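*Asks:* My structure is stored as entry.txt, with compact mmCIF, C-alpha atoms.
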# COMPACT_ATOMS: atom_id res chain seq x y z
CA MET S 364 -52.62 22.20 -173.30
CA ALA S 365 -52.19 25.62 -174.94
CA ILE S 366 -48.69 27.00 -175.59
CA ARG S 367 -47.96 29.98 -173.33
CA CYS S 368 -44.19 30.32 -173.77
CA VAL S 369 -41.73 29.91 -176.68
CA VAL S 370 -38.04 29.03 -176.29
CA LEU S 371 -35.77 29.15 -179.33
CA ASP S 372 -32.28 27.93 -180.03
CA PHE S 373 -30.21 30.30 -182.19
CA ASP S 374 -27.17 28.99 -184.11
CA GLY S 375 -28.33 26.62 -186.83
CA THR S 376 -31.95 27.21 -185.94
CA PHE S 377 -32.42 30.82 -187.05
CA THR S 378 -29.05 31.08 -188.77
CA ASP S 379 -27.44 29.32 -191.74
CA ALA S 380 -24.78 27.36 -189.87
CA ALA S 381 -22.85 26.39 -193.00
CA ALA S 382 -22.55 29.98 -194.20
CA GLU S 383 -21.72 31.38 -190.79
CA GLY S 384 -19.35 28.53 -189.95
CA ALA S 385 -17.07 28.82 -192.99
CA PRO S 386 -14.82 31.53 -191.44
CA PHE S 387 -14.78 29.54 -188.20
CA VAL S 388 -13.47 26.40 -189.90
CA GLN S 389 -10.86 28.33 -191.85
CA HIS S 390 -9.53 30.04 -188.72
CA PHE S 391 -9.73 26.84 -186.65
CA ARG S 392 -7.67 24.85 -189.17
CA ARG S 393 -5.10 27.61 -189.54
CA ARG S 394 -4.56 27.94 -185.81
CA LEU S 395 -4.43 24.17 -185.32
CA SER S 396 -1.78 24.00 -188.05
CA GLU S 397 0.25 26.59 -186.17
CA GLU S 398 -0.07 24.70 -182.90
CA LEU S 399 0.92 21.37 -184.49
CA GLY S 400 3.68 22.85 -186.59
CA ARG S 401 2.29 21.36 -189.80
CA ASP S 402 -0.46 22.06 -192.30
CA VAL S 403 -3.50 20.04 -191.19
CA MET S 404 -4.87 19.90 -194.73
CA GLU S 405 -1.67 18.29 -195.96
CA ALA S 406 -1.76 16.01 -192.92
CA GLY S 407 -5.11 14.52 -193.96
CA TRP S 408 -7.88 16.76 -192.62
CA ALA S 409 -10.12 16.27 -195.68
CA ASP S 410 -9.72 12.49 -195.56
CA VAL S 411 -10.62 12.32 -191.87
CA GLU S 412 -13.60 14.63 -192.37
CA ALA S 413 -14.92 12.53 -195.25
CA GLY S 414 -14.64 9.42 -193.10
CA VAL S 415 -16.61 11.00 -190.27
CA LEU S 416 -19.35 12.26 -192.58
CA ALA S 417 -19.73 8.82 -194.14
CA SER S 418 -19.71 6.92 -190.86
CA ASN S 419 -22.53 5.84 -188.56
CA GLU S 420 -24.36 7.95 -186.00
CA GLU S 421 -22.34 6.82 -182.99
CA HIS S 422 -19.66 9.49 -183.39
CA GLY S 423 -20.18 12.54 -181.26
CA TRP S 424 -18.92 15.52 -179.38
CA GLU S 425 -17.43 14.18 -176.17
CA VAL S 426 -17.47 16.24 -172.98
CA GLY S 427 -16.31 14.76 -169.69
CA GLY S 428 -16.06 11.28 -171.20
CA ARG S 429 -19.65 11.27 -172.48
CA ILE S 430 -20.98 11.97 -175.96
CA VAL S 431 -23.34 14.93 -175.75
CA ALA S 432 -24.19 15.67 -179.41
CA PRO S 433 -23.63 14.21 -182.88
CA ALA S 434 -20.25 15.09 -184.39
CA THR S 435 -21.74 16.08 -187.74
CA ALA S 436 -24.50 18.40 -186.51
CA ASP S 437 -22.80 21.68 -187.46
CA PRO S 438 -19.43 22.99 -188.72
CA TYR S 439 -18.27 23.77 -185.18
CA LEU S 440 -18.81 20.28 -183.79
CA LEU S 441 -17.47 18.66 -186.95
CA ALA S 442 -14.25 20.69 -186.89
CA ASN S 443 -13.65 19.80 -183.24
CA PHE S 444 -14.23 16.09 -183.86
CA VAL S 445 -12.06 15.98 -186.97
CA ALA S 446 -9.27 17.75 -185.06
CA ARG S 447 -9.34 15.06 -182.36
CA ARG S 448 -9.36 12.27 -184.93
CA LEU S 449 -6.48 13.86 -186.82
CA CYS S 450 -4.43 14.24 -183.63
CA ASP S 451 -5.01 10.54 -182.95
CA ARG S 452 -3.89 9.63 -186.46
CA LEU S 453 -0.75 11.78 -186.18
CA GLY S 454 0.04 10.70 -182.62
CA VAL S 455 0.20 14.29 -181.38
CA LYS S 456 -1.36 16.08 -178.40
CA THR S 457 -1.90 12.70 -176.76
CA ASP S 458 -2.54 14.14 -173.29
CA LYS S 459 -6.35 14.35 -173.22
CA ALA S 460 -6.54 17.30 -170.84
CA GLU S 461 -3.96 19.26 -172.81
CA ARG S 462 -5.70 18.49 -176.09
CA ALA S 463 -9.13 19.45 -174.72
CA ALA S 464 -7.78 22.75 -173.41
CA LEU S 465 -6.14 23.54 -176.75
CA LEU S 466 -9.22 22.74 -178.81
CA ASP S 467 -11.42 24.73 -176.44
CA THR S 468 -9.12 27.74 -176.85
CA LEU S 469 -9.11 27.39 -180.64
CA TYR S 470 -12.91 27.02 -180.62
CA ARG S 471 -13.36 30.29 -178.74
CA GLU S 472 -10.86 32.09 -180.98
CA ALA S 473 -12.45 30.78 -184.15
CA TYR S 474 -16.01 31.52 -183.01
CA ALA S 475 -15.10 35.20 -182.89
CA GLN S 476 -14.71 34.98 -186.69
CA VAL S 477 -18.27 33.73 -187.29
CA GLY S 478 -20.25 35.93 -189.65
CA MET S 479 -23.96 36.71 -189.76
CA ALA S 480 -26.22 34.72 -192.06
CA PHE S 481 -29.85 34.41 -191.03
CA LYS S 482 -32.19 31.99 -192.74
CA PRO S 483 -34.45 33.77 -195.28
CA GLU S 484 -37.60 33.40 -193.17
CA ALA S 485 -35.95 34.25 -189.82
CA LYS S 486 -37.16 37.83 -189.52
CA GLU S 487 -40.68 36.99 -190.68
CA VAL S 488 -41.03 34.15 -188.17
CA LEU S 489 -39.59 36.11 -185.26
CA GLU S 490 -42.00 38.95 -185.96
CA ALA S 491 -44.93 36.54 -186.12
CA LEU S 492 -43.89 34.94 -182.83
CA LEU S 493 -43.51 38.30 -181.09
CA GLU S 494 -46.88 39.49 -182.44
CA THR S 495 -48.62 36.68 -180.54
CA GLY S 496 -47.84 38.45 -177.28
CA LEU S 497 -46.40 35.25 -175.83
CA PRO S 498 -43.07 35.45 -174.01
CA VAL S 499 -40.37 34.53 -176.56
CA HIS S 500 -36.88 33.64 -175.31
CA VAL S 501 -33.67 32.61 -177.06
CA VAL S 502 -31.59 30.11 -175.07
CA THR S 503 -28.23 29.48 -176.70
CA ASN S 504 -24.70 28.27 -176.06
CA ALA S 505 -23.38 31.39 -177.79
CA HIS S 506 -22.46 34.50 -175.83
CA THR S 507 -25.44 36.72 -175.02
CA ALA S 508 -23.80 39.86 -176.45
CA THR S 509 -23.02 38.15 -179.76
CA VAL S 510 -26.61 36.99 -180.25
CA GLU S 511 -28.08 40.30 -179.06
CA ALA S 512 -25.97 42.15 -181.64
CA LYS S 513 -27.09 39.87 -184.48
CA LEU S 514 -30.75 40.19 -183.51
CA THR S 515 -30.43 43.97 -183.32
CA LYS S 516 -29.05 44.01 -186.87
CA LEU S 517 -31.88 41.77 -188.05
CA ALA S 518 -34.28 44.20 -186.33
CA PRO S 519 -37.56 42.25 -186.24
CA ARG S 520 -40.60 44.23 -185.10
CA GLY S 521 -40.98 43.76 -181.37
CA ARG S 522 -37.22 43.14 -180.95
CA GLU S 523 -37.33 44.79 -177.51
CA ARG S 524 -39.52 41.93 -176.22
CA LEU S 525 -37.16 39.18 -177.38
CA ARG S 526 -35.10 37.94 -174.43
CA VAL S 527 -31.73 36.22 -174.84
CA SER S 528 -30.08 33.81 -172.37
CA GLY S 529 -26.60 33.02 -173.62
CA ASP S 530 -23.86 30.68 -172.43
CA ALA S 531 -26.49 28.03 -171.67
CA ARG S 532 -23.87 25.26 -171.91
CA LYS S 533 -26.43 22.73 -173.06
CA PHE S 534 -23.61 20.24 -173.51
CA LEU S 535 -22.80 19.93 -169.80
CA ILE S 536 -24.13 16.82 -168.09
CA GLU S 537 -24.33 17.96 -164.47
CA PRO S 538 -26.82 18.72 -161.68
CA ALA S 539 -28.94 21.86 -161.75
CA SER S 540 -27.78 24.70 -159.50
CA THR S 541 -30.75 23.95 -157.25
CA GLU S 542 -32.37 20.54 -157.41
CA ASP S 543 -36.16 20.40 -157.63
CA SER S 544 -38.74 17.69 -158.16
CA ILE S 545 -39.11 18.47 -161.87
CA PHE S 546 -35.42 18.05 -162.69
CA SER S 547 -35.02 15.12 -160.31
CA ALA S 548 -37.72 13.23 -162.21
CA VAL S 549 -35.75 13.41 -165.48
CA PRO S 550 -34.02 10.08 -166.23
CA GLU S 551 -30.25 10.22 -166.56
CA THR S 552 -30.37 8.77 -170.07
CA MET S 553 -32.74 7.68 -172.79
CA HIS S 554 -32.38 5.32 -175.73
CA VAL S 555 -33.60 5.77 -179.28
CA GLU S 556 -34.17 2.83 -181.59
CA ALA S 557 -31.07 1.91 -183.65
CA LEU S 558 -28.80 4.27 -181.69
CA VAL S 559 -26.45 2.17 -179.56
CA ARG S 560 -25.14 4.95 -177.34
CA PRO S 561 -27.40 6.61 -174.76
CA ILE S 562 -28.64 10.17 -174.94
CA HIS S 563 -27.81 12.03 -171.73
CA LEU S 564 -30.66 14.14 -170.39
CA ARG S 565 -29.62 15.80 -167.14
CA ARG S 566 -28.15 19.04 -168.46
CA GLY S 567 -28.22 21.22 -165.37
CA ARG S 568 -27.06 24.54 -166.78
CA TYR S 569 -29.63 24.32 -169.56
CA TYR S 570 -32.32 23.47 -167.04
CA ASP S 571 -31.32 26.47 -164.92
CA ALA S 572 -31.95 28.75 -167.91
CA LEU S 573 -35.33 27.15 -168.64
CA ARG S 574 -36.40 27.28 -165.00
CA ARG S 575 -35.63 31.00 -164.83
CA ILE S 576 -37.88 31.55 -167.82
CA TRP S 577 -40.71 29.49 -166.34
CA ASN S 578 -40.45 31.32 -163.04
CA GLU S 579 -40.42 34.74 -164.71
CA THR S 580 -43.33 33.99 -167.04
CA ASP S 581 -45.42 31.86 -164.67
CA THR S 582 -45.41 29.04 -167.20
CA SER S 583 -44.34 25.40 -167.15
CA PRO S 584 -42.70 22.77 -169.35
CA GLU S 585 -46.13 21.49 -170.42
CA THR S 586 -47.11 24.94 -171.77
CA THR S 587 -43.80 25.62 -173.52
CA LEU S 588 -42.73 25.05 -177.12
CA VAL S 589 -38.97 24.62 -177.61
CA ALA S 590 -37.48 24.85 -181.12
CA GLY S 591 -33.96 23.82 -182.10
CA ASP S 592 -31.92 22.11 -184.79
CA ILE S 593 -30.01 19.49 -182.75
CA TYR S 594 -32.21 16.98 -180.92
CA GLU S 595 -29.72 16.04 -178.20
CA LEU S 596 -28.58 19.55 -177.34
CA ASP S 597 -31.80 21.50 -177.75
CA LEU S 598 -34.81 19.22 -177.43
CA ALA S 599 -34.16 15.93 -175.62
CA MET S 600 -34.23 17.32 -172.09
CA PRO S 601 -37.17 19.72 -172.65
CA ALA S 602 -39.13 16.84 -174.17
CA ALA S 603 -38.33 14.66 -171.15
CA LEU S 604 -39.60 17.48 -168.94
CA GLY S 605 -42.93 17.46 -170.78
CA ALA S 606 -42.42 20.35 -173.21
CA HIS S 607 -43.62 20.47 -176.80
CA VAL S 608 -40.67 20.52 -179.21
CA GLN S 609 -40.03 21.43 -182.84
CA LEU S 610 -36.97 20.08 -184.67
CA VAL S 611 -35.83 22.56 -187.33
CA GLN S 612 -34.37 19.94 -189.64
CA ARG S 613 -30.84 20.33 -190.95
CA THR S 614 -29.77 19.05 -194.35
CA ASN S 615 -28.00 16.26 -192.43
CA THR S 616 -30.56 15.56 -189.69
CA LEU S 617 -29.86 12.03 -188.50
CA GLU S 618 -32.35 9.18 -188.57
CA TYR S 619 -32.36 8.73 -184.79
CA GLU S 620 -33.30 12.40 -184.38
CA ARG S 621 -36.33 11.86 -186.62
CA ARG S 622 -37.30 8.73 -184.70
CA ALA S 623 -37.03 10.51 -181.36
CA ILE S 624 -39.31 13.31 -182.52
CA ALA S 625 -41.81 10.90 -184.08
CA ALA S 626 -42.01 8.99 -180.79
CA LEU S 627 -43.35 12.12 -179.05
CA GLY S 628 -46.58 12.07 -181.01
CA SER S 629 -48.45 15.37 -180.87
CA ARG S 630 -45.79 16.95 -178.64
CA GLY S 631 -43.18 16.67 -181.39
CA GLY S 632 -42.84 18.23 -184.82
CA MET S 633 -40.14 18.56 -187.46
CA ASP S 634 -39.70 20.58 -190.62
CA PRO S 635 -36.80 22.34 -192.36
CA SER S 636 -38.66 25.66 -192.36
CA LEU S 637 -38.96 27.94 -189.35
CA ARG S 638 -42.48 28.74 -190.54
CA ALA S 639 -43.59 25.32 -189.27
CA ILE S 640 -43.17 26.65 -185.71
CA LEU S 641 -46.15 28.97 -186.07
CA PRO S 642 -48.99 26.42 -186.48
CA ARG S 643 -47.74 24.67 -183.31
CA LEU S 644 -48.89 27.68 -181.30
CA ARG S 645 -52.46 27.15 -182.42
CA GLY S 646 -52.55 23.59 -181.15
Any chance you could give the structure as C-alpha cells?
*Replies:*
Amino acid sequence: MAIRCVVLDFDGTFTDAAAEGAPFVQHFRRRLSEELGRDVMEAGWADVEAGVLASNEEHGWEVGGRIVAPATADPYLLANFVARRLCDRLGVKTDKAERAALLDTLYREAYAQVGMAFKPEAKEVLEALLETGLPVHVVTNAHTATVEAKLTKLAPRGRERLRVSGDARKFLIEPASTEDSIFSAVPETMHVEALVRPIHLRRGRYYDALRRIWNETDTSPETTLVAGDIYELDLAMPAALGAHVQLVQRTNTLEYERRAIAALGSRGGMDPSLRAILPRLRG
C-alpha cells in the first residue's frame, strides 16, 4: 500500500543527540551534586555509567514501575538511569516518589540547556520529504515551541508545511483519551527474541497524537511511514498498528531493536542515514 503520510521523531532522529546532549549532562550532574550535597563525579558517576554501558539490554528507563525504553538510547535517558543507580549505591533519596520528582525537575531544567546540532543531511531530507507533497508531521516528546524554533533556524524549503506535535509523552503506558477499535486491538506487550523483558505497546498519549494526524489527513496506519531512532519509544506501537517504520540507527542501536525491525519484513527498514527514508516512499 502506498505511503500517504510521514511521521518523524525529532531528538536523535534529525539531531545529533550526543552533541546536543553534552550541555544537558553537564547541567544535570551539577544540579544533582547540589541536591545531594556532594560531587557526583567524585561519588562514582563515571564508574556507574561505564557499568551501565557495558551491561545487557535489560536496563531501561522506568516509568510507573515499567521499563519503557533502553537506558542507553540517548544522553538524557542514560543520565537519568545513572543518577538512579548512583543514588542506590550511595543510599540517598531512597523514597521513590521523592527521587522521581527530583530527577524529573532536574531533567526539565537541564533540557533547557540543550543546544542545536542537526545531522548533516537533515535539511536535505526534510526538503525532499516536503517536496513530495505528502503531509509531513513531527511527533516528539520535546516541547513544541523548542522544536519549532530549531526547525525555523534550519529553514528547510517548505518549512511552513511541516507540522509539529510536541509533548507526545511516548513513554506513558496508559489508555488513549478516547478508546477506539484500532487502539483496542493493540496487544499490551510484545516480546523480541533474546530480550527477557516485555516491550509495552499501549502508549495512549502517543496514539492520540497519531490519531489526530490520521483524522486531519484522511490517512491510516497502513499508509503511514514513521521514522525514529528508538524502537520502543518511536516505532513499536506504530508497527503494531500496521504502520511502516524506519529505524534511524544510532551508534549504539541494540540487537533486539534490529531483530524487531527485521521481523517486520517489508514494513520495516533501518539505516544510520536519514536519506534511507526517501526510497521507502516509493515502495
*Asks:* Taking all listed atoms of range 418-437 of chain S, build the axis-aligned box, pad each of the six sides by 3 Å, then write its centre and edge lengths in Å to one decimal as lines of an AutoDock Vina configuration file.
*Replies:*
center_x = -20.3
center_y = 13.8
center_z = -180.3
size_x = 14.4
size_y = 21.8
size_z = 27.2
*Asks:* Mind pulling up the distance from CA of Leu440 in chain S to CA of Phe377 in chain S?
*Replies:*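 Answer for the CA of Phe377 in chain S to CA of Leu440 in chain S separation: 17.5 Å.
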*Asks:* Rounded to one decimal in Å, what is the spacing between CA of Asp458 in chain S and CA of Phe534 in chain S?
*Replies:*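 Here the two named atoms are 21.9 Å from each other.
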*Asks:* Would you compute the distance between CA of Glu487 in chain S and CA of Arg638 in chain S? Give it in Å to one decimal.
*Replies:*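 So the two atoms, CA of Glu487 in chain S and CA of Arg638 in chain S, lie 8.4 Å apart.
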*Asks:* Between S:Asp597, S:Asp543, S:Glu585, S:Asp451, which one has atoms that come closest to Val411 in chain S, using only C-alpha atoms?
*Replies:*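 Ranked by minimum distance to Val411 in chain S, first place goes to S:Asp451.
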